[in-house]
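Peer 1: Pasting entry00.cif below, which is mmCIF, C-alpha atoms.
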data_input
loop_
_atom_site.label_atom_id
_atom_site.label_comp_id
_atom_site.auth_asym_id
_atom_site.auth_seq_id
_atom_site.Cartn_x
_atom_site.Cartn_y
_atom_site.Cartn_z
CA MET T 1214 -22.36 17.30 -3.05
CA THR T 1215 -18.92 16.40 -4.37
CA ASP T 1216 -18.59 14.30 -7.52
CA PHE T 1217 -15.88 11.94 -6.27
CA LEU T 1218 -14.74 10.90 -2.80
CA LEU T 1219 -11.30 9.25 -2.96
CA LEU T 1220 -10.44 7.21 0.14
CA TYR T 1221 -6.97 5.93 1.00
CA GLU T 1222 -5.50 3.62 3.63
CA ASN T 1223 -1.67 3.90 3.42
CA LYS T 1224 -0.28 7.33 2.66
CA GLY T 1225 3.08 6.22 1.31
CA ARG T 1226 1.54 3.61 -0.96
CA GLU T 1227 -1.46 5.45 -2.34
CA ILE T 1228 -1.46 9.22 -1.99
CA GLU T 1229 0.65 10.11 -5.05
CA SER T 1230 -1.64 8.06 -7.27
CA LEU T 1231 -4.76 9.63 -5.78
CA CYS T 1232 -3.33 13.12 -6.28
CA LEU T 1233 -2.69 12.19 -9.90
CA LEU T 1234 -6.26 10.92 -10.30
CA LYS T 1235 -7.72 13.92 -8.45
CA LEU T 1236 -5.94 16.41 -10.69
CA GLU T 1237 -7.08 14.62 -13.84
CA LEU T 1238 -10.71 14.51 -12.67
CA GLU T 1239 -10.56 18.20 -11.69
CA HIS T 1240 -9.01 18.95 -15.09
CA ARG T 1241 -12.14 17.39 -16.60
CA GLY T 1242 -14.32 19.71 -14.51
CA TYR T 1243 -15.30 17.51 -11.57
CA SER T 1244 -15.13 18.13 -7.81
CA VAL T 1245 -12.97 15.74 -5.79
CA VAL T 1246 -12.24 15.15 -2.08
CA ILE T 1247 -9.48 12.90 -0.70
CA ASP T 1248 -9.73 11.48 2.84
CA GLN T 1249 -8.43 8.68 5.09
CA ILE T 1250 -10.70 5.61 4.97
CA GLN T 1251 -10.13 4.89 8.67
CA TYR T 1252 -11.94 8.15 9.50
CA PHE T 1253 -15.30 6.37 9.39
CA PHE T 1254 -16.16 8.20 12.63
CA LYS T 1255 -16.45 11.54 10.82
CA ARG T 1256 -19.66 13.09 9.52
CA LYS T 1257 -21.11 11.38 6.51
CA TYR T 1258 -20.00 12.60 3.11
CA LYS T 1259 -22.31 13.32 0.22
CA ALA T 1260 -20.59 12.17 -2.96
CA SER T 1261 -21.82 10.85 -6.30
CA VAL T 1262 -19.07 8.21 -6.61
CA ILE T 1263 -16.89 6.64 -3.91
CA ILE T 1264 -13.44 5.26 -4.73
CA THR T 1265 -12.04 2.91 -2.08
CA PRO T 1266 -8.59 1.31 -1.53
CA PHE T 1267 -10.15 -2.07 -0.73
CA LEU T 1268 -13.56 -3.70 -0.25
CA TYR T 1269 -13.59 -7.41 0.49
CA ASN T 1270 -16.94 -8.17 2.07
CA ASP T 1271 -20.15 -6.92 3.67
CA ASN T 1272 -18.30 -5.84 6.80
CA ASP T 1273 -16.10 -3.52 4.72
CA LEU T 1274 -19.14 -2.13 2.91
CA TYR T 1275 -20.72 -1.38 6.28
CA LYS T 1276 -17.68 0.26 7.92
CA TYR T 1277 -16.11 2.02 4.96
CA VAL T 1278 -19.07 2.90 2.75
CA PHE T 1279 -22.25 2.99 4.81
CA CYS T 1280 -20.64 4.64 7.86
CA ILE T 1281 -18.94 7.22 5.62
CA ALA T 1282 -21.51 7.90 2.89
CA GLY T 1283 -24.69 5.96 3.64
CA LYS T 1284 -26.37 3.48 1.31
CA HIS T 1285 -24.18 4.25 -1.66
CA GLN T 1286 -24.61 2.49 -5.00
CA LYS T 1287 -21.76 3.90 -7.12
CA ILE T 1288 -18.51 2.42 -5.83
CA ILE T 1289 -15.13 1.78 -7.46
CA ASN T 1290 -12.57 -0.41 -5.67
CA LEU T 1291 -8.93 0.40 -6.58
CA ARG T 1292 -7.77 -2.86 -4.94
CA TRP T 1293 -4.33 -1.83 -3.70
CA GLU T 1294 -3.58 -5.49 -2.96
CA GLN T 1295 -3.44 -7.35 -6.30
CA ILE T 1296 -0.18 -9.32 -6.21
CA PHE T 1297 -0.31 -12.30 -3.86
CA SER T 1298 1.42 -15.47 -2.93
CA ARG T 1299 0.63 -18.39 -5.20
CA GLU T 1300 -1.71 -20.00 -2.66
CA ASN T 1301 -3.58 -16.75 -2.03
CA GLU T 1302 -3.93 -16.05 -5.74
CA GLU T 1303 -5.34 -19.51 -6.38
CA ASN T 1304 -7.72 -19.45 -3.38
CA LEU T 1305 -10.71 -17.56 -4.79
CA ASN T 1306 -12.58 -18.11 -1.52
CA GLY T 1307 -9.77 -16.54 0.52
CA PHE T 1308 -9.49 -13.17 2.20
CA PHE T 1309 -8.07 -11.27 -0.79
CA TYR T 1310 -11.04 -11.79 -3.10
CA PRO T 1311 -14.41 -10.00 -2.82
CA LYS T 1312 -17.44 -11.75 -1.37
CA ASP T 1313 -21.16 -11.19 -0.89
CA GLU T 1314 -22.35 -7.69 -1.86
CA ALA T 1315 -18.78 -6.61 -2.65
CA LEU T 1316 -18.99 -8.75 -5.79
CA LYS T 1317 -21.36 -6.17 -7.28
CA ILE T 1318 -19.03 -3.17 -7.35
CA ILE T 1319 -16.41 -2.15 -9.94
CA HIS T 1320 -12.96 -3.65 -9.25
CA VAL T 1321 -10.04 -1.94 -11.01
CA CYS T 1322 -7.48 -4.49 -12.28
CA TRP T 1323 -3.79 -3.75 -12.85
CA GLY T 1324 -3.46 -6.60 -15.33
CA ILE T 1325 -5.29 -9.34 -17.18
CA ARG T 1326 -4.30 -12.02 -14.62
CA GLN T 1327 -6.42 -10.51 -11.84
CA ALA T 1328 -9.32 -9.73 -14.20
CA ASN T 1329 -9.42 -13.38 -15.26
CA ASN T 1330 -9.35 -14.56 -11.65
CA LEU T 1331 -12.22 -12.25 -10.70
CA LYS T 1332 -14.27 -13.44 -13.67
CA LYS T 1333 -14.24 -16.90 -12.07
CA LEU T 1334 -16.34 -15.33 -9.28
CA ASN T 1335 -18.98 -14.45 -11.89
CA ILE T 1336 -18.18 -10.75 -11.85
CA GLU T 1337 -19.20 -9.14 -15.13
CA ASP T 1338 -16.54 -7.94 -17.58
CA LYS T 1339 -17.86 -4.37 -17.38
CA CYS T 1340 -17.04 -4.36 -13.66
CA LEU T 1341 -13.40 -5.43 -14.24
CA PRO T 1342 -11.62 -2.66 -16.17
CA VAL T 1343 -7.93 -3.44 -16.84
CA THR T 1344 -6.22 -0.08 -16.43
CA GLY T 1345 -2.67 -0.74 -15.30
CA ALA T 1346 -1.36 0.49 -11.94
CA MET T 1347 -1.42 4.22 -11.24
CA HIS T 1348 1.58 4.00 -8.92
CA LEU T 1349 3.73 3.14 -11.96
CA ASP T 1350 2.72 6.27 -13.91
CA LEU T 1351 5.04 8.73 -12.21
CA ILE T 1352 8.16 6.66 -11.62
CA ARG T 1353 9.57 7.28 -15.09
CA LYS T 1354 8.23 10.83 -15.41
CA LYS T 1355 11.27 13.08 -15.80
CA GLY T 1356 11.41 15.78 -13.15
CA TYR T 1357 8.91 14.26 -10.74
CA PHE T 1358 11.22 12.81 -8.11
CA LYS T 1359 13.49 14.88 -5.90
CA GLU T 1360 17.13 14.60 -6.84
CA ARG T 1361 19.72 12.77 -4.80
CA ASN T 1362 21.39 15.93 -3.41
CA GLU T 1363 18.11 17.18 -1.95
CA ILE T 1364 17.32 13.81 -0.36
CA ALA T 1365 20.88 13.52 0.99
CA SER T 1366 20.64 16.89 2.74
CA LYS T 1367 17.17 16.21 4.10
CA TYR T 1368 17.99 12.81 5.62
CA ASN T 1369 21.70 13.24 6.39
CA LEU T 1370 22.90 10.65 3.87
CA ARG T 1371 26.46 10.73 2.57
CA LYS T 1372 26.48 11.63 -1.13
CA ASP T 1373 29.90 10.09 -1.75
CA LYS T 1374 28.74 6.60 -0.77
CA LYS T 1375 26.58 4.13 -2.63
CA TRP T 1376 23.05 3.91 -1.26
CA ILE T 1377 21.38 0.57 -0.72
CA LEU T 1378 17.61 0.53 -0.24
CA PHE T 1379 15.94 -2.36 1.55
CA ILE T 1380 12.16 -2.46 1.08
CA SER T 1381 10.71 -4.15 4.14
CA SER T 1382 7.59 -6.30 4.18
CA PHE T 1383 7.97 -7.18 7.85
CA SER T 1384 4.72 -5.67 9.13
CA HIS T 1385 3.78 -8.88 10.97
CA THR T 1386 6.97 -8.87 13.04
CA THR T 1387 5.94 -5.79 15.03
CA PHE T 1388 2.29 -6.66 15.58
CA SER T 1389 1.01 -7.00 19.12
CA ASP T 1390 -0.47 -10.34 20.23
CA LYS T 1391 -3.95 -8.87 19.70
CA GLU T 1392 -3.10 -7.73 16.16
CA LYS T 1393 -1.64 -11.17 15.36
CA ARG T 1394 -4.84 -12.82 16.54
CA GLU T 1395 -6.86 -10.51 14.29
CA ILE T 1396 -4.62 -11.33 11.30
CA LEU T 1397 -5.00 -15.06 11.93
CA GLU T 1398 -8.77 -14.60 12.15
CA PHE T 1399 -8.80 -12.89 8.73
CA LEU T 1400 -6.18 -14.94 6.91
CA GLY T 1401 -6.28 -18.29 8.69
CA LYS T 1402 -3.87 -20.32 10.84
CA GLU T 1403 -1.67 -21.05 7.82
CA ARG T 1404 -0.44 -17.47 8.25
CA ILE T 1405 1.48 -18.60 11.34
CA GLN T 1406 4.23 -20.14 9.20
CA PHE T 1407 4.58 -16.90 7.20
CA ILE T 1408 4.87 -14.86 10.41
CA GLU T 1409 7.57 -17.22 11.72
CA ILE T 1410 9.51 -16.96 8.43
CA SER T 1411 9.14 -13.17 8.59
CA ILE T 1412 10.66 -13.00 12.07
CA GLN T 1413 13.59 -15.28 11.18
CA SER T 1414 14.23 -13.51 7.86
CA LYS T 1415 14.16 -10.05 9.40
CA GLU T 1416 16.73 -10.98 12.03
CA THR T 1417 19.16 -12.36 9.43
CA ILE T 1418 18.60 -9.59 6.87
CA LEU T 1419 19.23 -6.88 9.48
CA ASP T 1420 22.52 -8.61 10.31
CA TRP T 1421 23.44 -8.62 6.60
CA LEU T 1422 22.55 -4.94 6.16
CA VAL T 1423 24.64 -3.88 9.16
CA ARG T 1424 27.63 -5.86 7.90
CA ILE T 1425 27.27 -4.53 4.34
CA GLY T 1426 26.98 -0.97 5.64
CA GLY T 1427 30.32 -1.40 7.36
CA ASP T 1428 31.89 -1.87 3.89
CA GLY T 1429 31.12 1.74 3.00
CA TYR T 1430 27.46 1.84 1.98
CA GLU T 1431 24.58 3.97 3.20
CA ILE T 1432 21.72 1.65 4.19
CA VAL T 1433 18.15 2.94 3.88
CA TYR T 1434 15.64 0.66 5.59
CA ARG T 1435 12.19 1.50 4.27
CA PRO T 1436 9.56 0.06 6.68
CA HIS T 1437 6.28 -1.37 5.48
CA PRO T 1438 3.44 1.17 6.03
CA SER T 1439 2.02 -1.07 8.79
CA GLU T 1440 5.40 -1.81 10.40
CA LYS T 1441 6.12 -0.18 13.73
CA LYS T 1442 9.56 1.17 14.49
CA ASN T 1443 10.68 -1.14 17.30
CA GLN T 1444 13.62 -1.11 19.69
CA ILE T 1445 15.83 -3.18 17.41
CA LEU T 1446 15.63 -0.69 14.53
CA GLU T 1447 16.05 2.27 16.86
CA GLU T 1448 19.15 0.69 18.40
CA LEU T 1449 20.69 0.03 14.96
CA GLU T 1450 20.13 3.67 13.98
CA ARG T 1451 21.82 4.87 17.18
CA LYS T 1452 24.75 2.47 16.89
CA PHE T 1453 25.55 2.77 13.16
CA ASN T 1454 25.62 6.16 11.43
CA TYR T 1455 25.17 4.50 8.04
CA PHE T 1456 21.91 2.75 8.98
CA HIS T 1457 18.78 4.84 8.41
CA VAL T 1458 15.15 3.85 9.05
CA ILE T 1459 13.03 6.21 6.94
CA SER T 1460 9.28 6.02 6.40
CA ASP T 1461 8.94 9.41 4.71
CA GLU T 1462 8.84 9.80 0.91
CA SER T 1463 7.31 7.27 -1.43
CA VAL T 1464 9.03 3.96 -2.12
CA GLY T 1465 9.39 5.12 -5.74
CA GLN T 1466 11.37 8.15 -4.56
CA TRP T 1467 13.81 5.93 -2.70
CA ILE T 1468 14.15 3.48 -5.58
CA TYR T 1469 14.93 6.43 -7.86
CA CYS T 1470 17.68 7.82 -5.59
CA CYS T 1471 19.35 4.64 -4.39
CA ASP T 1472 22.06 2.78 -6.29
CA ARG T 1473 20.81 -0.71 -5.49
CA VAL T 1474 17.48 -2.04 -4.29
CA LEU T 1475 17.03 -5.13 -2.12
CA ASN T 1476 13.72 -6.78 -1.43
CA TRP T 1477 12.28 -9.61 0.62
CA CYS T 1478 8.60 -9.94 -0.31
CA SER T 1479 7.44 -6.54 -1.59
CA THR T 1480 5.51 -6.03 -4.80
CA SER T 1481 7.47 -2.79 -5.22
CA ALA T 1482 9.88 -5.03 -7.14
CA VAL T 1483 8.13 -3.98 -10.36
CA GLN T 1484 9.09 -0.34 -9.71
CA SER T 1485 12.69 -1.36 -9.12
CA VAL T 1486 12.71 -3.25 -12.43
CA LEU T 1487 11.17 -0.36 -14.38
CA LEU T 1488 13.74 2.05 -12.95
CA GLY T 1489 16.63 -0.28 -13.84
CA LYS T 1490 17.62 -1.09 -10.25
CA GLY T 1491 17.33 -4.87 -10.56
CA ASP T 1492 15.22 -7.53 -8.88
CA VAL T 1493 17.38 -8.89 -6.04
CA ILE T 1494 15.29 -10.80 -3.49
CA LEU T 1495 16.87 -11.65 -0.11
CA ARG T 1496 15.86 -15.11 1.07
CA PRO T 1497 17.97 -16.28 4.03
CA VAL T 1498 15.07 -18.55 5.02
CA GLU T 1499 13.55 -20.77 2.35
CA MET T 1500 9.97 -19.87 1.52
CA ASP T 1501 7.50 -22.52 0.45
CA TYR T 1502 6.75 -22.38 -3.29
CA GLN T 1503 3.03 -21.92 -2.67
CA LYS T 1504 3.62 -19.08 -0.21
CA ASP T 1505 5.95 -17.12 -2.48
CA ILE T 1506 4.79 -14.23 -4.66
CA THR T 1507 4.26 -15.32 -8.24
CA ILE T 1508 6.05 -12.33 -9.82
CA PHE T 1509 9.29 -13.52 -8.15
CA ASP T 1510 9.46 -16.73 -10.18
CA ASN T 1511 12.33 -15.44 -12.34
CA ALA T 1512 13.88 -13.00 -9.84
CA ARG T 1513 17.40 -13.35 -8.50
CA LYS T 1514 17.18 -14.82 -5.01
CA VAL T 1515 20.10 -14.33 -2.62
CA LYS T 1516 20.36 -16.92 0.15
CA THR T 1517 23.69 -16.11 1.87
CA TYR T 1518 25.66 -13.05 2.98
CA ASN T 1519 28.60 -13.88 0.70
CA GLU T 1520 26.24 -14.11 -2.25
CA LEU T 1521 24.86 -10.69 -1.37
CA LYS T 1522 28.37 -9.20 -1.30
CA MET T 1523 29.04 -10.57 -4.78
CA VAL T 1524 25.73 -9.25 -6.14
CA LEU T 1525 26.48 -5.74 -4.89
CA GLN T 1526 29.87 -5.75 -6.60
CA GLU T 1527 28.27 -6.52 -9.96
CA ASP T 1528 26.76 -3.97 -12.30
CA THR T 1529 22.97 -3.76 -12.12
CA LYS T 1530 21.59 -6.15 -14.69
CA GLU T 1531 18.71 -4.95 -16.79
CA VAL T 1532 15.63 -7.05 -16.13
CA LYS T 1533 13.02 -7.30 -18.83
CA SER T 1534 9.58 -6.19 -17.69
CA GLU T 1535 7.78 -8.72 -19.91
CA GLY T 1536 7.65 -11.17 -17.00
CA TYR T 1537 5.32 -8.75 -15.22
CA SER T 1538 2.96 -8.19 -18.15
CA GLN T 1539 0.29 -10.64 -16.94
CA TYR T 1540 0.03 -8.74 -13.68
CA TYR T 1541 0.49 -5.18 -14.92
CA ARG T 1542 -0.75 -3.43 -18.00
CA LEU T 1543 2.43 -1.52 -18.88
CA ASP T 1544 1.39 0.80 -21.73
CA GLY T 1545 1.41 3.81 -19.38
CA LYS T 1546 -0.97 6.50 -18.13
CA ALA T 1547 -3.11 4.21 -16.01
CA TYR T 1548 -4.51 7.29 -14.24
CA LEU T 1549 -6.25 8.35 -17.47
CA LYS T 1550 -7.88 4.94 -17.79
CA VAL T 1551 -8.97 4.99 -14.14
CA ALA T 1552 -10.34 8.53 -14.64
CA ASP T 1553 -12.33 7.22 -17.61
CA VAL T 1554 -13.80 4.49 -15.38
CA CYS T 1555 -14.71 7.10 -12.75
CA GLU T 1556 -16.33 9.37 -15.32
CA GLN T 1557 -18.34 6.54 -16.84
CA ARG T 1558 -19.58 5.45 -13.41
CA LEU T 1559 -20.59 9.03 -12.57
CA LYS T 1560 -22.57 9.45 -15.80
CA SER T 1561 -24.21 6.02 -15.73
CA PRO T 1562 -27.76 5.97 -14.29
CA LEU T 1563 -27.38 2.29 -13.38
CA LYS T 1564 -27.06 1.35 -9.73
CA GLN T 1565 -25.00 -1.58 -8.51
CA GLY T 1566 -27.85 -3.22 -6.60
CA ILE T 1567 -26.06 -3.47 -3.26
CA ASP T 1568 -28.47 -4.83 -0.64
CA TYR T 1569 -27.76 -2.64 2.37
CA GLU T 1570 -30.75 -3.99 4.25
CA ARG T 1571 -29.14 -7.44 4.24
CA ILE T 1572 -25.77 -5.92 5.27
CA LEU T 1573 -27.30 -3.99 8.18
CA LYS T 1574 -29.25 -7.01 9.42
CA CYS T 1575 -25.94 -8.84 9.82
CA GLN T 1576 -24.52 -6.15 12.12
CA SER T 1577 -25.15 -6.49 15.84
CA VAL T 1578 -26.85 -3.70 17.76
CA TRP T 1579 -23.64 -3.08 19.73
CA LYS T 1580 -21.54 -2.91 16.59
CA ARG T 1581 -23.89 -0.35 15.03
CA MET T 1582 -23.85 1.72 18.21
CA LYS T 1583 -20.05 1.50 18.32
CA TYR T 1584 -19.42 2.63 14.75
CA GLU T 1585 -22.33 5.01 14.25
CA ILE T 1586 -22.50 6.70 17.67
CA VAL T 1587 -19.71 5.87 20.15
CA TYR T 1588 -16.79 6.25 17.72
CA LYS T 1589 -18.11 9.56 16.43
CA LEU T 1590 -17.84 10.90 19.98
CA TYR T 1591 -14.85 8.96 21.31
CA VAL T 1592 -12.35 9.03 18.45
CA PRO T 1593 -12.20 12.84 18.04
CA LEU T 1594 -11.50 13.03 21.80
CA LEU T 1595 -8.82 10.36 21.36
CA GLY T 1596 -7.28 12.54 18.65
CA ILE T 1597 -7.02 15.49 21.01
CA MET T 1598 -5.44 13.27 23.66
CA TYR T 1599 -2.99 11.86 21.11
CA LYS T 1600 -1.88 15.30 19.92
CA LYS T 1601 -1.33 16.39 23.54
CA ASN T 1602 0.72 13.23 24.16
CA ILE T 1603 -1.80 12.00 26.73
CA LEU T 1604 -2.18 8.19 26.84
CA ARG T 1605 0.05 7.96 23.76
CA GLY T 1606 1.08 4.41 24.66
CA MET T 1607 -2.56 3.29 24.74
CA THR T 1608 -3.44 4.64 21.31
CA VAL T 1609 -1.15 2.64 19.04
CA SER T 1610 -3.79 1.99 16.37
CA TYR T 1611 -4.85 5.61 16.31
CA GLY T 1612 -1.21 6.68 16.09
CA MET T 1613 -0.68 4.44 13.08
CA VAL T 1614 -3.68 6.03 11.35
CA MET T 1615 -2.32 9.50 12.13
CA ARG T 1616 1.08 8.60 10.66
CA ASN T 1617 -0.73 7.36 7.57
CA THR T 1618 -2.73 10.55 7.17
CA VAL T 1619 -1.51 13.18 4.72
CA SER T 1620 -1.50 16.78 5.95
CA GLU T 1621 -2.94 19.67 3.95
CA GLU T 1622 0.59 21.01 3.44
CA GLU T 1623 1.81 17.67 2.07
CA MET T 1624 -1.19 17.43 -0.24
CA ASP T 1625 -0.77 20.96 -1.58
CA PHE T 1626 2.93 20.43 -2.22
CA MET T 1627 2.36 17.12 -4.00
CA GLU T 1628 -0.48 18.45 -6.14
CA LYS T 1629 1.58 21.43 -7.29
CA ARG T 1630 4.48 19.19 -8.30
CA ILE T 1631 2.26 16.79 -10.23
CA GLU T 1632 0.21 19.56 -11.82
CA GLY T 1633 3.39 21.21 -13.05
CA LEU T 1634 4.46 18.01 -14.76
CA LEU T 1635 1.10 17.22 -16.34
CA TYR T 1636 -0.43 20.48 -17.43
CA ARG T 1637 2.21 23.23 -17.54
CA GLN T 1638 4.71 21.82 -20.01
#
If you convert what's in this file into structure tokens, what do you get?
Peer 2:
Amino acid sequence: MTDFLLLYENKGREIESLCLLKLELEHRGYSVVIDQIQYFFKRKYKASVIITPFLYNDNDLYKYVFCIAGKHQKIINLRWEQIFSRENEENLNGFFYPKDEALKIIHVCWGIRQANNLKKLNIEDKCLPVTGAMHLDLIRKKGYFKERNEIASKYNLRKDKKWILFISSFSHTTFSDKEKREILEFLGKERIQFIEISIQSKETILDWLVRIGGDGYEIVYRPHPSEKKNQILEELERKFNYFHVISDESVGQWIYCCDRVLNWCSTSAVQSVLLGKGDVILRPVEMDYQKDITIFDNARKVKTYNELKMVLQEDTKEVKSEGYSQYYRLDGKAYLKVADVCEQRLKSPLKQGIDYERILKCQSVWKRMKYEIVYKLYVPLLGIMYKKNILRGMTVSYGMVMRNTVSEEEMDFMEKRIEGLLYRQ
């Protein structure tokens, strides 16, 4: 039995942080395994503590805990979604807050704002540790990121030009009709307006980026982890040698290497601010105050192409991080605090009292057969077909999971780099 099972959803967003946490827990003498949470079709793991990227409700506990590790009672939720629009933050009954049996587990909080919101759901203080965000630990660690010359050679970027990074949040714009229906089922019909704004904003912002690139910049378009590379982006890459769509490397790596960072609705803005690259938010389409992200209240919002041109000609203005302090504990080394939480949960004899009998009673017979029997047979076969390029067009969801899965080689390389920074200096 392993001590800790660390599950992740999006490779680019989470894997560096989990490597950091894994190495610290191993340094303390514990055994750790990292795996993709969407691999619920695999054999069941035996682990003392499970760390998840999200857990919102009983359905998540069934699919991503029970189907992976059985009736587990020691669970820590890292909650990789903690910065929301104003309306989603205020709606404690909405999708982004835990419900039912998920209220009983430990929820890691990046800052005091989220801890206070979760307390309103009657979650105990001891289940709401405020640790800071692990993904901010490495961004200012000297020597961690690859240098600009290496990145330029790897991705064919011109070193003599200024690099502009655009961090996309346009995942909804490439969803199929079925995926859009599923999103609306989870998040409600009010999401329709956000999807429409996303589509309009993406079209205008792409036009701006192409025009700006023609003035002598290298444009790096960083897709959202759930965004598919569609025909429009592929055509822009073919047509303009300065326009690059790159999913590889972490967003922190690209913020570090690029001269300027542009954003639309990504919470990666805090990383840009901490690395001194500004907080420029592109808003060609007005967003309703309630639908906007709260950390953007004091950000610089660019509404026209001419305004964007002027902003890029200015020196990067230092932005004080104090405006983020409610949402992020910024005293550093969040991974040590999260490791402390993990260690305490491992050593504690107390169980979280999750009622799996109630959860299982709510699952239909067909659903249990699908997840516990059919998928365990069908999905591995699907994987073989995907690798052999058979029915590739019919396995979009599986392909997205595969792209979000870290290889053993990637993991080994990342662990060696991080270990060298932490323990060999």
Peer 1: Selected by the PyMOL selection byres ((chain T and resi 1325-1336) around 8) in the shown coordinates: which residues, as number ranges by chain?
Peer 2: T: 1295, 1305, 1310, 1316-1317, 1322-1324, 1337-1338, 1340-1343, 1539-1542
Peer 1: Please, could you write that set of residues out with C-alpha atoms as an mmCIF file, in the frame of the given file?
Peer 2:
data_model
loop_
_atom_site.group_PDB
_atom_site.id
_atom_site.type_symbol
_atom_site.label_atom_id
_atom_site.label_comp_id
_atom_site.auth_asym_id
_atom_site.auth_seq_id
_atom_site.Cartn_x
_atom_site.Cartn_y
_atom_site.Cartn_z
ATOM 1 C CA GLN T 1295 -3.440 -7.350 -6.300
ATOM 2 C CA LEU T 1305 -10.710 -17.560 -4.790
ATOM 3 C CA TYR T 1310 -11.040 -11.790 -3.100
ATOM 4 C CA LEU T 1316 -18.990 -8.750 -5.790
ATOM 5 C CA LYS T 1317 -21.360 -6.170 -7.280
ATOM 6 C CA CYS T 1322 -7.480 -4.490 -12.280
ATOM 7 C CA TRP T 1323 -3.790 -3.750 -12.850
ATOM 8 C CA GLY T 1324 -3.460 -6.600 -15.330
ATOM 9 C CA GLU T 1337 -19.200 -9.140 -15.130
ATOM 10 C CA ASP T 1338 -16.540 -7.940 -17.580
ATOM 11 C CA CYS T 1340 -17.040 -4.360 -13.660
ATOM 12 C CA LEU T 1341 -13.400 -5.430 -14.240
ATOM 13 C CA PRO T 1342 -11.620 -2.660 -16.170
ATOM 14 C CA VAL T 1343 -7.930 -3.440 -16.840
ATOM 15 C CA GLN T 1539 0.290 -10.640 -16.940
ATOM 16 C CA TYR T 1540 0.030 -8.740 -13.680
ATOM 17 C CA TYR T 1541 0.490 -5.180 -14.920
ATOM 18 C CA ARG T 1542 -0.750 -3.430 -18.000
#
Peer 1: Could you list, as a count of residues only, every residue matched by the PyMOL selection byres ((chain T and resi 1526) around 12) in this structure?
Peer 2: 17
Peer 1: Mind checking which residues fall within 8 Å of stretch 1224-1231 of chain T, counting only C-alpha atoms, ignoring those fewer than 4 positions away in the same chain, and posting them as a list in words?
Peer 2: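 Those residues are Leu1219, Lys1235, Ile1247, Trp1293, Met1347, His1348, Pro1438, Asp1461, Glu1462, Ser1463, Val1464, Tyr1548, Asn1617, Thr1618, Val1619 and Met1627 of chain T.
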Peer 1: Residues near T:Arg1558, anyone? I mean within 9 Å using all atoms listed in the file, not counting same-chain ones fewer than 2 positions away, as number ranges by chain.
Peer 2: T: 1262, 1287-1289, 1319, 1553-1556, 1560-1563
Peer 1: Record the distance separating atom CA of T:Cys1471 and atom CA of T:Gly1356, expressed in Å with one decimal.
Peer 2: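 Answer for the atom CA of T:Cys1471 to atom CA of T:Gly1356 separation: 16.2 Å.
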Peer 1: Looking at all atoms listed in the file, which of T:Ser1479, T:Gln1249, T:Asn1306, T:Ser1384 is the one that sits closest to T:Lys1442?
Peer 2: T:Ser1384
Peer 1: If I wrap all listed atoms of stretch 1512-1527 of chain T in a box with edges along x, y and z and add 4 Å on each side, what are its centre and edge lengths in Å to one decimal, as AutoDock Vina command-line options?
Peer 2:
--center_x 21.9 --center_y -11.3 --center_z -3.5 --size_x 24.0 --size_y 19.2 --size_z 20.9
Peer 1: Would you tabulate, counting only C-alpha atoms, all residues of stretch 1272-1358 of chain T that have an atom at most 10 Å from an atom of stretch 1566-1588 of chain T, showing the closest pair of atoms and their distance in Å to one decimal, sorted by chain then ascending number, as a tab-separated table?
Peer 2:
residue	atom	partner	partner_atom	distance
T:Asn1272	CA	T:Ile1572	CA	7.6
T:Asp1273	CA	T:Ile1572	CA	10.0
T:Leu1274	CA	T:Ile1572	CA	8.0
T:Tyr1275	CA	T:Ile1572	CA	6.9
T:Lys1276	CA	T:Tyr1584	CA	7.4
T:Phe1279	CA	T:Tyr1569	CA	8.2
T:Cys1280	CA	T:Glu1585	CA	6.6
T:Ile1281	CA	T:Glu1585	CA	9.5
T:Gly1283	CA	T:Tyr1569	CA	9.2
T:Lys1284	CA	T:Tyr1569	CA	6.4
T:His1285	CA	T:Ile1567	CA	8.1
T:Gln1286	CA	T:Ile1567	CA	6.4
T:Lys1287	CA	T:Ile1567	CA	9.4
T:Ile1288	CA	T:Ile1567	CA	9.9
T:Asp1313	CA	T:Ile1572	CA	9.3
T:Glu1314	CA	T:Ile1567	CA	5.8
T:Ala1315	CA	T:Ile1567	CA	8.0
T:Leu1316	CA	T:Ile1567	CA	9.2
T:Lys1317	CA	T:Ile1567	CA	6.7
T:Ile1318	CA	T:Ile1567	CA	8.1
Peer 1: Provide the atom CA of T:Leu1634 to atom CA of T:Lys1355 distance in Å, to one decimal place.
Peer 2: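 We find that atom CA of T:Leu1634 and atom CA of T:Lys1355 lie 8.5 Å from each other.
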